[in-house]
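Dumped entry-v1.pdb below, it's PDB, C-alpha atoms:
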ATOM      1  CA  MET Y   1      36.685   4.166 -48.641
ATOM      2  CA  PRO Y   2      40.257   3.727 -49.819
ATOM      3  CA  ASP Y   3      42.121   0.542 -48.977
ATOM      4  CA  ASP Y   4      44.762   1.980 -46.673
ATOM      5  CA  LYS Y   5      46.170  -0.946 -44.708
ATOM      6  CA  ASP Y   6      49.673  -0.245 -46.111
ATOM      7  CA  VAL Y   7      49.643   3.520 -45.439
ATOM      8  CA  LYS Y   8      52.450   4.609 -43.099
ATOM      9  CA  LYS Y   9      52.307   8.378 -43.586
ATOM     10  CA  VAL Y  10      49.794  10.877 -44.971
ATOM     11  CA  LEU Y  11      50.809  13.969 -46.944
ATOM     12  CA  GLU Y  12      48.310  16.753 -47.583
ATOM     13  CA  LEU Y  13      48.739  18.425 -50.950
ATOM     14  CA  GLN Y  14      47.953  22.055 -51.637
ATOM     15  CA  PRO Y  15      44.338  22.557 -52.780
ATOM     16  CA  PHE Y  16      43.489  22.213 -56.451
ATOM     17  CA  ILE Y  17      41.357  24.938 -58.025
ATOM     18  CA  ILE Y  18      40.551  24.042 -61.618
ATOM     19  CA  ASN Y  19      38.149  24.709 -64.458
ATOM     20  CA  LEU Y  20      36.068  21.628 -65.136
ATOM     21  CA  ALA Y  21      35.634  20.455 -68.723
ATOM     22  CA  ASP Y  22      31.946  21.421 -68.935
ATOM     23  CA  GLN Y  23      30.756  22.715 -72.291
ATOM     24  CA  GLY Y  24      28.889  26.013 -72.410
ATOM     25  CA  GLU Y  25      29.311  27.154 -68.801
ATOM     26  CA  ALA Y  26      32.326  27.628 -66.585
ATOM     27  CA  HIS Y  27      32.274  25.356 -63.547
ATOM     28  CA  TYR Y  28      35.088  25.210 -61.027
ATOM     29  CA  LEU Y  29      36.321  22.545 -58.674
ATOM     30  CA  ARG Y  30      38.158  23.226 -55.433
ATOM     31  CA  MET Y  31      39.518  20.021 -54.001
ATOM     32  CA  THR Y  32      42.056  19.115 -51.354
ATOM     33  CA  VAL Y  33      43.707  15.716 -51.537
ATOM     34  CA  SER Y  34      45.960  13.846 -49.145
ATOM     35  CA  ILE Y  35      48.084  10.937 -50.294
ATOM     36  CA  GLY Y  36      48.802   7.900 -48.180
ATOM     37  CA  ILE Y  37      52.309   6.604 -48.715
ATOM     38  CA  GLY Y  38      53.965   3.349 -47.739
ATOM     39  CA  GLU Y  39      57.313   2.771 -46.041
ATOM     40  CA  THR Y  40      59.886   5.493 -46.611
ATOM     41  CA  LYS Y  41      63.269   6.344 -45.154
ATOM     42  CA  GLU Y  42      62.682  10.052 -45.693
ATOM     43  CA  GLU Y  43      61.405  12.085 -42.758
ATOM     44  CA  LYS Y  44      60.156  14.894 -45.019
ATOM     45  CA  PRO Y  45      58.790  14.295 -48.508
ATOM     46  CA  ASP Y  46      60.883  15.321 -51.481
ATOM     47  CA  PRO Y  47      59.308  18.425 -53.102
ATOM     48  CA  LEU Y  48      59.694  16.644 -56.439
ATOM     49  CA  LEU Y  49      57.343  13.916 -55.179
ATOM     50  CA  THR Y  50      54.520  16.328 -54.419
ATOM     51  CA  THR Y  51      55.129  18.271 -57.639
ATOM     52  CA  ARG Y  52      54.969  15.131 -59.797
ATOM     53  CA  VAL Y  53      51.873  13.845 -58.012
ATOM     54  CA  ARG Y  54      50.072  17.207 -58.296
ATOM     55  CA  ASN Y  55      50.961  17.422 -61.991
ATOM     56  CA  ALA Y  56      49.621  13.920 -62.667
ATOM     57  CA  MET Y  57      46.426  14.603 -60.724
ATOM     58  CA  LEU Y  58      45.889  17.913 -62.484
ATOM     59  CA  ALA Y  59      46.019  16.123 -65.836
ATOM     60  CA  VAL Y  60      43.145  13.883 -64.663
ATOM     61  CA  LEU Y  61      41.081  16.618 -63.003
ATOM     62  CA  THR Y  62      41.021  18.971 -66.000
ATOM     63  CA  THR Y  63      39.320  16.297 -68.139
ATOM     64  CA  LYS Y  64      36.338  15.929 -65.780
ATOM     65  CA  THR Y  65      32.930  17.559 -66.016
ATOM     66  CA  SER Y  66      30.806  18.597 -63.067
ATOM     67  CA  GLU Y  67      28.321  15.855 -63.934
ATOM     68  CA  GLU Y  68      31.068  13.217 -63.678
ATOM     69  CA  VAL Y  69      32.368  14.298 -60.275
ATOM     70  CA  LEU Y  70      29.239  15.284 -58.359
ATOM     71  CA  THR Y  71      27.854  11.800 -57.738
ATOM     72  CA  GLU Y  72      29.114   9.397 -55.088
ATOM     73  CA  GLN Y  73      30.064   6.905 -57.800
ATOM     74  CA  GLY Y  74      31.798   9.681 -59.742
ATOM     75  CA  LYS Y  75      33.947  10.564 -56.729
ATOM     76  CA  ALA Y  76      34.886   6.891 -56.266
ATOM     77  CA  VAL Y  77      35.949   6.648 -59.925
ATOM     78  CA  LEU Y  78      37.848   9.925 -59.590
ATOM     79  CA  ARG Y  79      39.700   8.660 -56.509
ATOM     80  CA  LYS Y  80      40.754   5.515 -58.407
ATOM     81  CA  GLU Y  81      41.918   7.535 -61.414
ATOM     82  CA  LEU Y  82      43.881   9.919 -59.187
ATOM     83  CA  LEU Y  83      45.538   6.984 -57.425
ATOM     84  CA  LYS Y  84      46.527   5.426 -60.756
ATOM     85  CA  ALA Y  85      47.945   8.747 -61.988
ATOM     86  CA  ALA Y  86      49.863   9.349 -58.747
ATOM     87  CA  ARG Y  87      51.349   5.862 -58.796
ATOM     88  CA  ALA Y  88      52.459   6.348 -62.399
ATOM     89  CA  ALA Y  89      54.124   9.656 -61.506
ATOM     90  CA  VAL Y  90      56.474   8.346 -58.787
ATOM     91  CA  GLU Y  91      58.116   5.046 -57.964
ATOM     92  CA  GLU Y  92      59.291   5.739 -54.401
ATOM     93  CA  PRO Y  93      57.731   5.961 -51.928
ATOM     94  CA  SER Y  94      54.781   3.820 -52.928
ATOM     95  CA  ILE Y  95      51.467   5.640 -53.011
ATOM     96  CA  GLU Y  96      48.893   3.464 -51.295
ATOM     97  CA  ALA Y  97      45.775   5.637 -51.012
ATOM     98  CA  ILE Y  98      44.105   8.875 -52.049
ATOM     99  CA  TYR Y  99      41.960  10.791 -49.580
ATOM    100  CA  ILE Y 100      39.668  13.572 -50.809
ATOM    101  CA  THR Y 101      39.420  15.878 -47.795
ATOM    102  CA  ASP Y 102      37.710  18.914 -49.323
ATOM    103  CA  PHE Y 103      35.447  19.019 -52.376
ATOM    104  CA  ILE Y 104      33.483  22.012 -53.702
ATOM    105  CA  VAL Y 105      32.056  22.499 -57.189
ATOM    106  CA  GLN Y 106      30.927  25.980 -58.153
ATOM    107  CA  MET Y 107      28.064  25.822 -60.620
TER     108      MET Y 107
END
As structure tokens, please, write out the structure in this file.
Amino acid sequence: MPDDKDVKKVLELQPFIINLADQGEAHYLRMTVSIGIGETKEEKPDPLLTTRVRNAMLAVLTTKTSEEVLTEQGKAVLRKELLKAARAAVEEPSIEAIYITDFIVQM
């Protein structure tokens, strides 16, 4: 589970539907992610925040294969990589946690 003691607000992002990086066969991932953010003065999130975070996450997701993301350990690694990418994409508000709320791989 994510360490979310500093989360003050949760924002659900639009679902991701991507081609995984599997060789030979097309496999797709449909995933919904929510981000836990820290203290913010803004009542509503800036659209630029969600756009930058989605863009950073998409860059991570498109490098993954179905084999990498289907295991429990693979999902934990993915969550950490998505958190790192999201944090690098925006400075304010601080991104404290990533929650994977929907996860389907089409084989």
Find the residue from Y:Ser94, Y:Thr101, Y:Gln106, Y:Thr71 that sits nearest to Asp6 (chain Y); use all atoms listed in the file when measuring. Y:Ser94
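Of the listed residues Y:Met107, Y:Leu82, Y:Ile37, Y:Ile17, the one whose atoms come nearest to Ala59 (chain Y) is Y:Leu82, with distances taken using all atoms listed in the file.
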Residues around (40.6, 9.8, -63.9), cut-off 9 Å, counting all atoms listed in the file - what are they as an MDAnalysis selection string? chainID Y and resid 57 59:61 63:64 77:85
Write to file, as a compact mmCIF listing (two decimals), in the coordinates of the input, the residues of the selection just made, with C-alpha atoms.
# COMPACT_ATOMS: atom_id res chain seq x y z
CA MET Y 57 46.43 14.60 -60.72
CA ALA Y 59 46.02 16.12 -65.84
CA VAL Y 60 43.14 13.88 -64.66
CA LEU Y 61 41.08 16.62 -63.00
CA THR Y 63 39.32 16.30 -68.14
CA LYS Y 64 36.34 15.93 -65.78
CA VAL Y 77 35.95 6.65 -59.92
CA LEU Y 78 37.85 9.93 -59.59
CA ARG Y 79 39.70 8.66 -56.51
CA LYS Y 80 40.75 5.52 -58.41
CA GLU Y 81 41.92 7.54 -61.41
CA LEU Y 82 43.88 9.92 -59.19
CA LEU Y 83 45.54 6.98 -57.42
CA LYS Y 84 46.53 5.43 -60.76
CA ALA Y 85 47.94 8.75 -61.99
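Residue membership of the PyMOL selection byres ((chain Y and resi 54) around 10) in the shown file amounts to Leu13, Gln14, Pro15, Phe16, Val33, Leu48, Leu49, Thr50, Thr51, Arg52, Val53, Asn55, Ala56, Met57, Leu58, Ala59, Val60, Leu82, Ala85, Ala86 and Ala89 of chain Y.
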By how many Å are CA of Gly38 (chain Y) and CA of Lys75 (chain Y) apart? 23.1 Å
From the list Y:Leu11, Y:Ile95, Y:Thr62, Y:Ala76, the nearest residue to Ser34 (chain Y) using only C-alpha atoms is Y:Leu11
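Residues of protein, DNA or RNA having at least one counted atom within 9 Å of (38.4, 24.2, -54.6), given only C-alpha atoms, are Pro15, Phe16, Ile17, Ile18, Tyr28, Leu29, Arg30, Met31, Thr32, Asp102, Phe103, Ile104, Val105 and Gln106 of chain Y.
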Go ahead and save the picked residues with C-alpha atoms, as an mmCIF file, in the frame of the given file.
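Final file, result_4.cif:
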data_model
loop_
_atom_site.group_PDB
_atom_site.id
_atom_site.type_symbol
_atom_site.label_atom_id
_atom_site.label_comp_id
_atom_site.auth_asym_id
_atom_site.auth_seq_id
_atom_site.Cartn_x
_atom_site.Cartn_y
_atom_site.Cartn_z
ATOM 1 C CA PRO Y 15 44.338 22.557 -52.780
ATOM 2 C CA PHE Y 16 43.489 22.213 -56.451
ATOM 3 C CA ILE Y 17 41.357 24.938 -58.025
ATOM 4 C CA ILE Y 18 40.551 24.042 -61.618
ATOM 5 C CA TYR Y 28 35.088 25.210 -61.027
ATOM 6 C CA LEU Y 29 36.321 22.545 -58.674
ATOM 7 C CA ARG Y 30 38.158 23.226 -55.433
ATOM 8 C CA MET Y 31 39.518 20.021 -54.001
ATOM 9 C CA THR Y 32 42.056 19.115 -51.354
ATOM 10 C CA ASP Y 102 37.710 18.914 -49.323
ATOM 11 C CA PHE Y 103 35.447 19.019 -52.376
ATOM 12 C CA ILE Y 104 33.483 22.012 -53.702
ATOM 13 C CA VAL Y 105 32.056 22.499 -57.189
ATOM 14 C CA GLN Y 106 30.927 25.980 -58.153
#
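Picture a line from CA of Gln73 (chain Y) to CA of Glu91 (chain Y); it runs 28.1 Å.
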CA of Val7 (chain Y) and CA of Gly36 (chain Y) are how many Å apart?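 Distance between the two atoms: 5.2 Å.
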Residue nearest Glu43 (chain Y) - candidates Y:Glu25, Y:Lys8, Y:Glu72, Y:Leu20, atoms counted: only C-alpha atoms: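 The closest residue to Glu43 (chain Y) is Y:Lys8.
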Could I get region 73-96 of chain Y rebuilt with N, CA, C and O atoms, written as a CSV table (one decimal), in the coordinates of the input?
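Written file, result03.csv:
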chain,number,residue,atom,x,y,z
Y,73,GLN,N,29.3,7.8,-56.9
Y,73,GLN,CA,30.1,6.9,-57.8
Y,73,GLN,C,31.1,7.7,-58.6
Y,73,GLN,O,32.3,7.2,-58.8
Y,74,GLY,N,30.8,8.9,-59.0
Y,74,GLY,CA,31.8,9.7,-59.7
Y,74,GLY,C,33.0,10.0,-58.9
Y,74,GLY,O,34.2,10.0,-59.4
Y,75,LYS,N,32.8,10.3,-57.6
Y,75,LYS,CA,33.9,10.6,-56.7
Y,75,LYS,C,34.8,9.3,-56.5
Y,75,LYS,O,36.0,9.4,-56.4
Y,76,ALA,N,34.1,8.2,-56.4
Y,76,ALA,CA,34.9,6.9,-56.3
Y,76,ALA,C,35.7,6.6,-57.5
Y,76,ALA,O,36.9,6.2,-57.4
Y,77,VAL,N,35.2,6.8,-58.7
Y,77,VAL,CA,35.9,6.6,-59.9
Y,77,VAL,C,37.1,7.7,-60.0
Y,77,VAL,O,38.2,7.3,-60.3
Y,78,LEU,N,36.8,8.9,-59.6
Y,78,LEU,CA,37.8,9.9,-59.6
Y,78,LEU,C,39.0,9.5,-58.7
Y,78,LEU,O,40.2,9.7,-59.0
Y,79,ARG,N,38.7,9.1,-57.5
Y,79,ARG,CA,39.7,8.7,-56.5
Y,79,ARG,C,40.6,7.6,-57.1
Y,79,ARG,O,41.8,7.6,-57.0
Y,80,LYS,N,40.0,6.6,-57.8
Y,80,LYS,CA,40.8,5.5,-58.4
Y,80,LYS,C,41.6,6.0,-59.5
Y,80,LYS,O,42.8,5.6,-59.7
Y,81,GLU,N,41.1,7.0,-60.3
Y,81,GLU,CA,41.9,7.5,-61.4
Y,81,GLU,C,43.1,8.4,-60.9
Y,81,GLU,O,44.2,8.4,-61.4
Y,82,LEU,N,42.8,9.1,-59.8
Y,82,LEU,CA,43.9,9.9,-59.2
Y,82,LEU,C,45.0,9.0,-58.6
Y,82,LEU,O,46.2,9.3,-58.7
Y,83,LEU,N,44.6,7.9,-58.0
Y,83,LEU,CA,45.5,7.0,-57.4
Y,83,LEU,C,46.4,6.4,-58.5
Y,83,LEU,O,47.6,6.3,-58.4
Y,84,LYS,N,45.8,6.0,-59.6
Y,84,LYS,CA,46.5,5.4,-60.8
Y,84,LYS,C,47.5,6.5,-61.3
Y,84,LYS,O,48.7,6.1,-61.6
Y,85,ALA,N,47.1,7.7,-61.5
Y,85,ALA,CA,47.9,8.7,-62.0
Y,85,ALA,C,49.1,9.0,-61.0
Y,85,ALA,O,50.2,9.2,-61.5
Y,86,ALA,N,48.8,9.1,-59.7
Y,86,ALA,CA,49.9,9.3,-58.7
Y,86,ALA,C,50.9,8.2,-58.7
Y,86,ALA,O,52.1,8.5,-58.7
Y,87,ARG,N,50.4,7.0,-58.8
Y,87,ARG,CA,51.3,5.9,-58.8
Y,87,ARG,C,52.2,5.9,-60.0
Y,87,ARG,O,53.4,5.5,-60.0
Y,88,ALA,N,51.7,6.3,-61.2
Y,88,ALA,CA,52.5,6.3,-62.4
Y,88,ALA,C,53.5,7.5,-62.4
Y,88,ALA,O,54.5,7.4,-63.0
Y,89,ALA,N,53.2,8.5,-61.6
Y,89,ALA,CA,54.1,9.7,-61.5
Y,89,ALA,C,55.4,9.4,-60.7
Y,89,ALA,O,56.4,10.1,-60.9
Y,90,VAL,N,55.3,8.6,-59.7
Y,90,VAL,CA,56.5,8.3,-58.8
Y,90,VAL,C,56.6,6.9,-58.5
Y,90,VAL,O,55.6,6.1,-58.4
Y,91,GLU,N,57.9,6.4,-58.3
Y,91,GLU,CA,58.1,5.0,-58.0
Y,91,GLU,C,58.3,4.9,-56.5
Y,91,GLU,O,57.8,3.9,-55.9
Y,92,GLU,N,59.0,5.8,-55.8
Y,92,GLU,CA,59.3,5.7,-54.4
Y,92,GLU,C,59.0,7.1,-53.8
Y,92,GLU,O,59.3,8.1,-54.3
Y,93,PRO,N,58.3,7.1,-52.6
Y,93,PRO,CA,57.7,6.0,-51.9
Y,93,PRO,C,56.5,5.5,-52.6
Y,93,PRO,O,55.9,6.2,-53.4
Y,94,SER,N,56.0,4.3,-52.3
Y,94,SER,CA,54.8,3.8,-52.9
Y,94,SER,C,53.6,4.6,-52.4
Y,94,SER,O,53.5,4.9,-51.3
Y,95,ILE,N,52.7,4.9,-53.4
Y,95,ILE,CA,51.5,5.6,-53.0
Y,95,ILE,C,50.4,4.6,-52.9
Y,95,ILE,O,50.1,3.9,-53.8
Y,96,GLU,N,49.8,4.5,-51.7
Y,96,GLU,CA,48.9,3.5,-51.3
Y,96,GLU,C,47.4,3.9,-51.3
Y,96,GLU,O,46.5,3.1,-51.5
